[in-house]
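Asks: What follows is the file start_24.cif, containing mmCIF, C-alpha atoms:
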```
data_query
loop_
_atom_site.label_atom_id
_atom_site.label_comp_id
_atom_site.auth_asym_id
_atom_site.auth_seq_id
_atom_site.Cartn_x
_atom_site.Cartn_y
_atom_site.Cartn_z
CA MET A 1 167.72 -199.38 -71.15
CA GLU A 2 169.40 -199.01 -67.76
CA LEU A 3 167.01 -198.14 -64.92
CA TYR A 4 167.78 -196.16 -61.77
CA LYS A 5 165.39 -195.54 -58.87
CA ILE A 6 166.06 -192.16 -57.23
CA GLY A 7 163.53 -191.47 -54.49
CA PRO A 8 160.09 -191.86 -56.12
CA VAL A 9 161.48 -191.22 -59.62
CA THR A 10 162.68 -193.90 -62.04
CA LEU A 11 165.20 -192.75 -64.65
CA GLY A 12 165.90 -194.73 -67.80
CA PHE A 13 169.25 -194.20 -69.55
CA GLN A 14 169.57 -195.34 -73.15
CA GLY A 15 171.95 -194.91 -76.09
CA PHE A 16 175.01 -193.96 -74.03
CA PRO A 17 178.54 -195.22 -74.80
CA LYS A 18 179.81 -198.32 -73.05
CA TYR A 19 181.02 -198.20 -69.47
CA VAL A 20 184.68 -198.16 -70.56
CA ASP A 21 184.00 -194.88 -72.38
CA TRP A 22 181.69 -193.38 -69.75
CA PRO A 23 182.87 -194.99 -66.48
CA PHE A 24 181.01 -192.52 -64.21
CA ARG A 25 178.08 -194.93 -64.02
CA ASP A 26 180.13 -197.34 -61.91
CA TRP A 27 180.48 -194.93 -59.02
CA LYS A 28 177.79 -192.31 -59.58
CA LEU A 29 174.68 -194.25 -60.55
CA ASP A 30 175.12 -197.93 -59.74
CA ALA A 31 173.92 -197.53 -56.14
CA TYR A 32 170.52 -196.58 -57.58
CA LYS A 33 170.30 -199.27 -60.27
CA ILE A 34 167.21 -201.49 -60.45
CA SER A 35 166.45 -204.44 -62.68
CA GLU A 36 162.88 -203.73 -63.75
CA GLY A 37 160.28 -200.98 -63.90
CA GLN A 38 158.98 -198.23 -66.13
CA PRO A 39 160.89 -194.94 -66.41
CA ASP A 40 159.27 -191.67 -65.40
CA VAL A 41 162.01 -189.77 -67.23
CA VAL A 42 164.07 -191.13 -70.13
CA VAL A 43 167.62 -189.83 -70.54
CA SER A 44 169.00 -190.47 -74.03
CA TYR A 45 172.22 -189.84 -75.92
CA ALA A 46 171.41 -188.85 -79.51
CA PRO A 47 174.16 -186.70 -81.04
CA GLU A 48 172.71 -183.99 -83.24
CA ALA A 49 174.00 -180.57 -84.22
CA VAL A 50 171.55 -177.93 -83.00
CA THR A 51 171.75 -174.20 -83.58
CA PRO A 52 170.56 -172.39 -80.43
CA GLN A 53 167.39 -170.51 -81.19
CA GLY A 54 164.22 -169.66 -79.31
CA LYS A 55 163.21 -167.43 -76.41
CA LEU A 56 166.17 -166.80 -74.12
CA LEU A 57 165.14 -167.65 -70.54
CA GLU A 58 168.45 -167.36 -68.77
CA GLU A 59 172.10 -166.69 -69.52
CA GLN A 60 175.05 -166.88 -67.13
CA ARG A 61 178.71 -166.15 -67.68
CA PHE A 62 180.81 -167.29 -64.72
CA MET A 63 183.55 -169.87 -65.22
CA THR A 64 181.35 -171.44 -67.90
CA ALA A 65 178.71 -169.87 -70.14
CA LYS A 66 175.20 -171.30 -69.70
CA ARG A 67 172.11 -170.55 -71.77
CA GLN A 68 168.52 -171.75 -71.55
CA LEU A 69 166.18 -171.22 -74.48
CA TRP A 70 162.49 -172.07 -74.76
CA CYS A 71 161.88 -173.46 -78.25
CA GLU A 72 158.66 -173.29 -80.24
CA ASP A 73 158.43 -177.09 -80.39
CA GLY A 74 157.80 -177.11 -76.62
CA TYR A 75 161.18 -178.09 -75.24
CA LEU A 76 164.00 -176.41 -73.33
CA LEU A 77 167.42 -176.19 -74.97
CA TRP A 78 170.14 -176.08 -72.32
CA GLN A 79 173.70 -175.28 -73.35
CA GLN A 80 176.99 -174.92 -71.51
CA SER A 81 180.20 -173.69 -73.13
CA GLN A 82 183.48 -174.25 -71.30
CA ARG A 83 186.59 -172.12 -71.47
CA ASP A 84 188.54 -174.83 -73.26
CA GLY A 85 185.93 -174.95 -76.02
CA GLY A 86 184.03 -177.97 -74.72
CA LEU A 87 180.27 -177.87 -75.30
CA LEU A 88 177.25 -179.55 -73.74
CA GLN A 89 173.77 -179.35 -75.25
CA TYR A 90 170.59 -180.89 -73.85
CA LYS A 91 167.05 -180.96 -75.18
CA ILE A 92 164.61 -181.24 -72.27
CA THR A 93 160.93 -181.97 -71.74
CA PRO A 94 159.38 -183.11 -68.43
CA GLN A 95 159.53 -186.79 -69.47
CA LYS A 96 162.57 -186.86 -71.75
CA ILE A 97 166.10 -185.51 -71.55
CA THR A 98 168.31 -185.85 -74.63
CA LEU A 99 172.04 -185.17 -74.66
CA LEU A 100 172.71 -183.68 -78.10
CA THR A 101 176.35 -182.63 -77.82
CA ASP A 102 179.24 -183.49 -75.51
CA THR A 103 182.70 -182.33 -76.56
CA THR A 104 184.05 -181.91 -73.01
CA ASN A 105 186.37 -184.95 -73.09
CA THR A 106 185.37 -185.83 -69.51
CA PHE A 107 184.16 -189.40 -70.17
CA GLY A 108 180.57 -188.36 -69.50
CA LEU A 109 181.17 -186.86 -66.07
CA ALA A 110 180.54 -183.24 -67.11
CA ALA A 111 177.36 -184.32 -68.90
CA LEU A 112 176.05 -186.10 -65.81
CA GLU A 113 176.96 -183.27 -63.43
CA ALA A 114 175.33 -180.70 -65.73
CA MET A 115 171.99 -182.44 -65.22
CA THR A 116 171.87 -180.92 -61.74
CA PHE A 117 170.75 -177.66 -63.39
CA PHE A 118 167.50 -179.13 -64.78
CA ILE A 119 166.86 -182.69 -63.56
CA PHE A 120 164.99 -181.43 -60.48
CA ASP A 121 162.53 -179.59 -62.70
CA CYS A 122 161.66 -182.99 -64.19
CA PHE A 123 161.45 -184.45 -60.68
CA MET A 124 158.85 -181.84 -59.80
CA HIS A 125 156.38 -183.55 -62.14
CA LYS A 126 156.56 -186.47 -59.68
CA ASP A 127 155.77 -184.05 -56.81
CA VAL A 128 159.39 -183.83 -55.69
CA LEU A 129 160.54 -180.56 -54.13
CA THR A 130 164.27 -179.84 -54.11
CA PHE A 131 166.16 -177.33 -51.96
CA HIS A 132 169.73 -176.09 -52.06
CA SER A 133 170.56 -177.88 -48.83
CA CYS A 134 172.34 -180.78 -47.16
CA VAL A 135 170.32 -183.81 -46.05
CA VAL A 136 171.47 -185.17 -42.69
CA GLU A 137 170.13 -188.37 -41.11
CA HIS A 138 170.49 -189.12 -37.40
CA ASN A 139 168.76 -191.90 -35.46
CA GLY A 140 166.27 -192.56 -38.24
CA ARG A 141 165.20 -188.93 -38.58
CA GLY A 142 166.51 -186.28 -40.93
CA PHE A 143 166.77 -182.56 -41.37
CA LEU A 144 167.57 -180.25 -44.26
CA LEU A 145 170.41 -177.83 -43.65
CA ALA A 146 170.11 -174.67 -45.76
CA GLY A 147 171.47 -171.14 -45.81
CA ALA A 148 173.40 -168.60 -47.83
CA SER A 149 176.34 -169.75 -49.92
CA GLY A 150 179.48 -170.01 -47.80
CA VAL A 151 177.66 -169.97 -44.48
CA GLY A 152 179.07 -173.37 -43.47
CA LYS A 153 176.42 -175.97 -44.38
CA SER A 154 178.98 -178.63 -45.32
CA THR A 155 181.06 -177.92 -42.23
CA HIS A 156 178.06 -178.29 -39.92
CA ALA A 157 176.86 -181.45 -41.68
CA ARG A 158 180.30 -183.04 -41.30
CA LEU A 159 180.37 -182.13 -37.62
CA TRP A 160 177.16 -184.15 -37.26
CA ARG A 161 178.76 -187.00 -39.17
CA ASP A 162 181.98 -186.96 -37.14
CA HIS A 163 180.53 -186.35 -33.65
CA LYS A 164 177.04 -187.90 -33.82
CA ASN A 165 177.60 -190.74 -36.32
CA ALA A 166 175.09 -189.07 -38.64
CA LEU A 167 174.80 -189.80 -42.36
CA ILE A 168 174.99 -187.16 -45.07
CA LEU A 169 172.49 -188.36 -47.66
CA ASN A 170 173.29 -185.42 -49.92
CA SER A 171 175.76 -182.59 -49.46
CA ASP A 172 174.07 -179.99 -51.67
CA ARG A 173 170.60 -181.00 -52.98
CA GLY A 174 167.79 -181.79 -50.56
CA SER A 175 165.09 -183.58 -52.55
CA CYS A 176 161.82 -184.39 -50.75
CA TYR A 177 158.41 -185.87 -51.46
CA MET A 178 155.33 -186.62 -49.41
CA GLN A 179 154.33 -190.21 -48.68
CA ASP A 180 151.46 -191.16 -46.37
CA GLY A 181 151.27 -187.61 -45.05
CA LYS A 182 155.00 -187.37 -44.22
CA TRP A 183 157.77 -185.62 -46.09
CA LEU A 184 160.74 -187.83 -46.89
CA ALA A 185 164.18 -186.62 -48.01
CA PHE A 186 166.40 -188.83 -50.15
CA GLY A 187 169.84 -188.99 -51.66
CA THR A 188 170.53 -188.40 -55.35
CA PRO A 189 173.68 -188.64 -57.50
CA TRP A 190 173.71 -184.83 -57.83
CA CYS A 191 175.38 -183.48 -54.71
CA GLY A 192 177.49 -180.44 -55.62
CA THR A 193 181.19 -180.05 -54.93
CA GLY A 194 180.81 -181.76 -51.55
CA GLY A 195 180.43 -185.05 -53.39
CA GLU A 196 178.59 -186.87 -50.60
CA GLN A 197 175.47 -188.89 -51.42
CA ILE A 198 173.83 -192.10 -50.18
CA ASN A 199 170.90 -193.98 -51.67
CA ARG A 200 168.62 -193.72 -48.64
CA GLN A 201 165.53 -191.81 -47.61
CA VAL A 202 164.50 -190.51 -44.22
CA PRO A 203 161.52 -188.67 -42.65
CA VAL A 204 162.13 -184.91 -42.50
CA GLN A 205 161.94 -183.61 -38.96
CA ALA A 206 162.83 -179.99 -39.76
CA MET A 207 164.45 -177.56 -42.15
CA VAL A 208 167.29 -175.67 -40.51
CA ILE A 209 168.43 -172.28 -41.82
CA LEU A 210 172.06 -171.81 -40.83
CA GLN A 211 173.38 -168.41 -39.79
CA GLN A 212 176.84 -167.61 -38.46
CA GLY A 213 176.92 -166.15 -34.98
CA GLU A 214 178.93 -165.68 -31.80
CA TYR A 215 176.72 -168.08 -29.82
CA ASN A 216 174.47 -171.07 -30.49
CA ARG A 217 170.73 -170.56 -30.50
CA VAL A 218 167.79 -172.25 -32.24
CA THR A 219 164.72 -170.17 -33.07
CA PRO A 220 161.54 -171.46 -34.77
CA LEU A 221 160.42 -169.32 -37.72
CA GLN A 222 156.80 -168.44 -38.43
CA GLY A 223 154.65 -166.85 -41.13
CA GLN A 224 156.23 -164.53 -43.66
CA GLU A 225 159.70 -164.83 -42.17
CA ARG A 226 159.63 -168.61 -42.68
CA LEU A 227 158.56 -168.23 -46.31
CA MET A 228 161.20 -165.57 -47.02
CA GLU A 229 163.95 -167.81 -45.67
CA VAL A 230 162.87 -170.98 -47.47
CA MET A 231 161.73 -169.70 -50.87
CA PRO A 232 165.24 -168.71 -52.12
CA GLN A 233 166.45 -172.26 -51.43
CA VAL A 234 163.95 -173.92 -53.81
CA PHE A 235 164.94 -175.11 -57.27
CA ALA A 236 162.23 -173.51 -59.42
CA GLY A 237 161.05 -174.66 -62.83
CA TRP A 238 161.52 -173.21 -66.29
CA ASP A 239 157.85 -172.89 -67.21
CA SER A 240 154.70 -171.65 -65.50
CA ALA A 241 153.23 -175.13 -64.93
CA ILE A 242 156.30 -176.28 -63.01
CA GLN A 243 156.43 -173.03 -61.05
CA GLU A 244 152.78 -173.39 -60.03
CA LYS A 245 153.44 -176.95 -58.89
CA MET A 246 156.46 -175.76 -56.94
CA ILE A 247 154.34 -173.18 -55.08
CA THR A 248 151.73 -175.82 -54.21
CA LEU A 249 154.36 -178.29 -52.99
CA LEU A 250 156.14 -175.63 -50.97
CA GLY A 251 152.88 -174.67 -49.29
CA ASP A 252 152.31 -178.29 -48.28
CA PHE A 253 155.90 -178.56 -47.05
CA LEU A 254 155.67 -175.45 -44.85
CA GLU A 255 152.39 -176.63 -43.33
CA THR A 256 154.01 -179.87 -42.23
CA VAL A 257 157.73 -179.30 -41.61
CA PRO A 258 159.05 -176.90 -38.90
CA VAL A 259 161.56 -174.30 -40.08
CA LEU A 260 164.28 -173.35 -37.61
CA ARG A 261 167.03 -170.75 -37.60
CA LEU A 262 170.32 -171.93 -36.13
CA GLU A 263 172.64 -169.09 -35.14
CA CYS A 264 175.89 -170.88 -34.50
CA THR A 265 179.63 -171.05 -34.10
CA PRO A 266 181.62 -173.31 -36.49
CA ASP A 267 182.27 -176.07 -33.96
CA VAL A 268 180.64 -179.02 -32.24
CA ARG A 269 178.78 -176.82 -29.74
CA ALA A 270 176.43 -175.88 -32.60
CA VAL A 271 175.69 -179.57 -33.15
CA ASP A 272 174.86 -180.02 -29.49
CA ALA A 273 172.51 -177.02 -29.50
CA LEU A 274 170.58 -178.27 -32.53
CA TYR A 275 170.59 -181.85 -31.23
CA ASP A 276 169.02 -180.80 -27.94
CA TYR A 277 166.32 -178.80 -29.73
CA LEU A 278 165.45 -181.59 -32.19
CA GLU A 279 165.24 -184.13 -29.38
CA ASN A 280 162.44 -182.10 -27.81
CA LEU A 281 160.67 -181.32 -31.09
CA GLN A 282 157.41 -183.16 -31.54
#
```
Give the structure from this file in structure tokens form.
Replies:
Amino acid sequence: MELYKIGPVTLGFQGFPKYVDWPFRDWKLDAYKISEGQPDVVVSYAPEAVTPQGKLLEEQRFMTAKRQLWCEDGYLLWQQSQRDGGLLQYKITPQKITLLTDTTNTFGLAALEAMTFFIFDCFMHKDVLTFHSCVVEHNGRGFLLAGASGVGKSTHARLWRDHKNALILNSDRGSCYMQDGKWLAFGTPWCGTGGEQINRQVPVQAMVILQQGEYNRVTPLQGQERLMEVMPQVFAGWDSAIQEKMITLLGDFLETVPVLRLECTPDVRAVDALYDYLENLQ
């Protein structure tokens, strides 16, 4: 079994084809590889033909067709059908993920990337909260950069990287957990189309909700407004137990981490405005 330490979670991969057949492990997972430990979640490859059946939880038809079904045996069946006829099927429980079918001819890359749709539900059982956000590290402190799709999160994160020598630990998934009373954000191999990820973790100084504007202004959010801005960014679970844990973790997060709104222009002046505010944030 190959072991990978991702934040506080240890994943164990077993039964997968050799590296020459599935080369993604060289450049997607090897930065997280460890030599010993016990897995919190086991990811297995066990080809088996499964007929989708059970309670339909979700179905999407955009570019690819995705379905999630809750089966009577207590597992989630996740399926993705591609336009070219390729198919992915996963059987999922909180401690075990099994790849049943992969006919995508992508040398394992599509199978790995598809895990972004459910791996963070498994992480939640280790008290990990994940947001649709970038994780930016600067001078040993980090912030989560969130906002509506297309608002410019990647652009702003790269401005920090290019003008402040910041690191982008993840360009699309901000995973966090609490350690010794502090929330830490960390990189994972699942990072969206931005493709940027680093195996590091950093204390979270703030969550920043990005909003396009004609000027640059940082405003702290409070109460209901803060919750309404942050809640849509959370990756929620597929069953009630995970959803309840998510609500508890989010409450702890909002009690500890400031939430800011950054109204900004798409240039380096926005970086300077946020930098000045964070420098004075206790």
Asks: May I ask for the distance between CA of Val43 (chain A) and CA of Leu99 (chain A), given in Å to one decimal place?
Replies: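 Distance reported for this atom pair: 7.6 Å.
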Asks: Pick the closest to Pro47 (chain A) from A:Thr101, A:Thr188, A:Gln60, A:Asn280: which is it, counting only C-alpha atoms?
Replies: A:Thr101
Asks: As a count of residues only, please: the residues near Thr116 (chain A) (cut-off 10 Å, all atoms listed in the file, same-chain neighbours under 3 positions excluded).
Replies: 12
Asks: Have a look at A:Ala49, A:Val42, A:Ile92, A:Leu87 and name the one nearest to Trp70 (chain A); count all atoms listed in the file.
Replies: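 Result for the nearest residue to Trp70 (chain A): A:Ile92.
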Asks: Which is closest to Leu11 (chain A) among A:Pro52, A:Gly85, A:Pro266, A:Pro94, if we use only C-alpha atoms?
Replies: A:Pro94
Asks: As AutoDock Vina command-line options, please report the centre and edge lengths, rounded to one decimal in Å, of the axis-aligned box that holds all listed atoms of region 136-149 of chain A with 8 Å of padding on each of the six sides.
Replies:
```
--center_x 170.8 --center_y -180.6 --center_z -42.7 --size_x 27.1 --size_y 40.0 --size_z 30.5
```
Asks: Please write the residues picked by the PyMOL selection byres ((chain A and resi 69) around 12) on this file as a list in words.
Replies: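 This file gives the following for the PyMOL selection byres ((chain A and resi 69) around 12): Thr51, Pro52, Gln53, Gly54, Lys55, Leu56, Leu57, Glu58, Glu59, Lys66, Arg67, Gln68, Trp70, Cys71, Glu72, Asp73, Gly74, Tyr75, Leu76, Leu77, Trp78, Gln79, Gln80, Gln89, Tyr90, Lys91, Ile92, Trp238 and Asp239 of chain A.
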Asks: Could you spell out the hits of the PyMOL selection byres ((chain A and resi 41) around 12) on the shown file, as a PDB file with C-alpha atoms, in the coordinates of the input?
Replies:
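That gives us result_34.pdb:
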```
ATOM      1  CA  MET A   1     167.720-199.380 -71.150  1.00  0.00           C
ATOM      2  CA  GLU A   2     169.400-199.010 -67.760  1.00  0.00           C
ATOM      3  CA  LEU A   3     167.010-198.140 -64.920  1.00  0.00           C
ATOM      4  CA  TYR A   4     167.780-196.160 -61.770  1.00  0.00           C
ATOM      5  CA  LYS A   5     165.390-195.540 -58.870  1.00  0.00           C
ATOM      6  CA  ILE A   6     166.060-192.160 -57.230  1.00  0.00           C
ATOM      7  CA  PRO A   8     160.090-191.860 -56.120  1.00  0.00           C
ATOM      8  CA  VAL A   9     161.480-191.220 -59.620  1.00  0.00           C
ATOM      9  CA  THR A  10     162.680-193.900 -62.040  1.00  0.00           C
ATOM     10  CA  LEU A  11     165.200-192.750 -64.650  1.00  0.00           C
ATOM     11  CA  GLY A  12     165.900-194.730 -67.800  1.00  0.00           C
ATOM     12  CA  PHE A  13     169.250-194.200 -69.550  1.00  0.00           C
ATOM     13  CA  GLN A  14     169.570-195.340 -73.150  1.00  0.00           C
ATOM     14  CA  GLY A  37     160.280-200.980 -63.900  1.00  0.00           C
ATOM     15  CA  GLN A  38     158.980-198.230 -66.130  1.00  0.00           C
ATOM     16  CA  PRO A  39     160.890-194.940 -66.410  1.00  0.00           C
ATOM     17  CA  ASP A  40     159.270-191.670 -65.400  1.00  0.00           C
ATOM     18  CA  VAL A  42     164.070-191.130 -70.130  1.00  0.00           C
ATOM     19  CA  VAL A  43     167.620-189.830 -70.540  1.00  0.00           C
ATOM     20  CA  SER A  44     169.000-190.470 -74.030  1.00  0.00           C
ATOM     21  CA  ILE A  92     164.610-181.240 -72.270  1.00  0.00           C
ATOM     22  CA  THR A  93     160.930-181.970 -71.740  1.00  0.00           C
ATOM     23  CA  PRO A  94     159.380-183.110 -68.430  1.00  0.00           C
ATOM     24  CA  GLN A  95     159.530-186.790 -69.470  1.00  0.00           C
ATOM     25  CA  LYS A  96     162.570-186.860 -71.750  1.00  0.00           C
ATOM     26  CA  ILE A  97     166.100-185.510 -71.550  1.00  0.00           C
ATOM     27  CA  THR A  98     168.310-185.850 -74.630  1.00  0.00           C
ATOM     28  CA  ILE A 119     166.860-182.690 -63.560  1.00  0.00           C
ATOM     29  CA  PHE A 120     164.990-181.430 -60.480  1.00  0.00           C
ATOM     30  CA  ASP A 121     162.530-179.590 -62.700  1.00  0.00           C
ATOM     31  CA  CYS A 122     161.660-182.990 -64.190  1.00  0.00           C
ATOM     32  CA  PHE A 123     161.450-184.450 -60.680  1.00  0.00           C
ATOM     33  CA  MET A 124     158.850-181.840 -59.800  1.00  0.00           C
ATOM     34  CA  HIS A 125     156.380-183.550 -62.140  1.00  0.00           C
ATOM     35  CA  LYS A 126     156.560-186.470 -59.680  1.00  0.00           C
TER      36      LYS A 126
END
```
Asks: Mind pulling up the distance from CA of Asn170 (chain A) to CA of Gln82 (chain A)?
Replies: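 CA of Gln82 (chain A) sits 26.2 Å away from CA of Asn170 (chain A).
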Asks: Just give me the gap between CA of Asp26 (chain A) and CA of Leu184 (chain A) in Å, one decimal is fine.
Replies: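 According to the coordinates, CA of Asp26 (chain A) and CA of Leu184 (chain A) are separated by 26.3 Å.
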Asks: Could you check which of A:Ile198, A:Ala206, A:Ala65, A:Leu227 is closest to Val259 (chain A), using all atoms listed in the file?
Replies: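 Answer, going by the shortest atom-to-atom distance: A:Ala206.
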Asks: With the PyMOL selection byres ((chain A and resi 233-236) around 7) as the selection, what would be picked from this file? Answer as a PyMOL selection string, please.
Replies: chain A and resi 121+130-132+230-232+237-238+243+246
Asks: With distances taken over all atoms listed in the file, which of A:Ile247, A:Val208, A:Leu129, A:Leu88 is nearest to Tyr275 (chain A)?
Replies: A:Val208
Asks: Using all atoms listed in the file, find the one residue out of A:Pro17, A:Val218, A:Thr248, A:Met115 that sits nearest to Leu274 (chain A).
Replies: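 That would be A:Val218, the residue with the smallest distance to Leu274 (chain A).
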Asks: For Pro23 (chain A), work out the shell of residues within 9 Å, counting only C-alpha atoms and skipping chain neighbours fewer than 3 positions away, then give it as a ChimeraX atom specification.
Replies: /A:18-20,26-28,107-109
Asks: Dump as a count of residues only all residues having an atom at most 8 Å from (162.7, -182.1, -36.2), computed in the file's coordinates with all atoms listed in the file.
Replies: 13
Asks: Would you pick out the contacts of Leu210 (chain A) at 10 Å or less, using only C-alpha atoms, so that residues sharing its chain but fewer than 3 positions from it are not included, and give the list as a PyMOL selection string?
Replies: chain A and resi 145-148+151-153+156+207+213+218+260-264
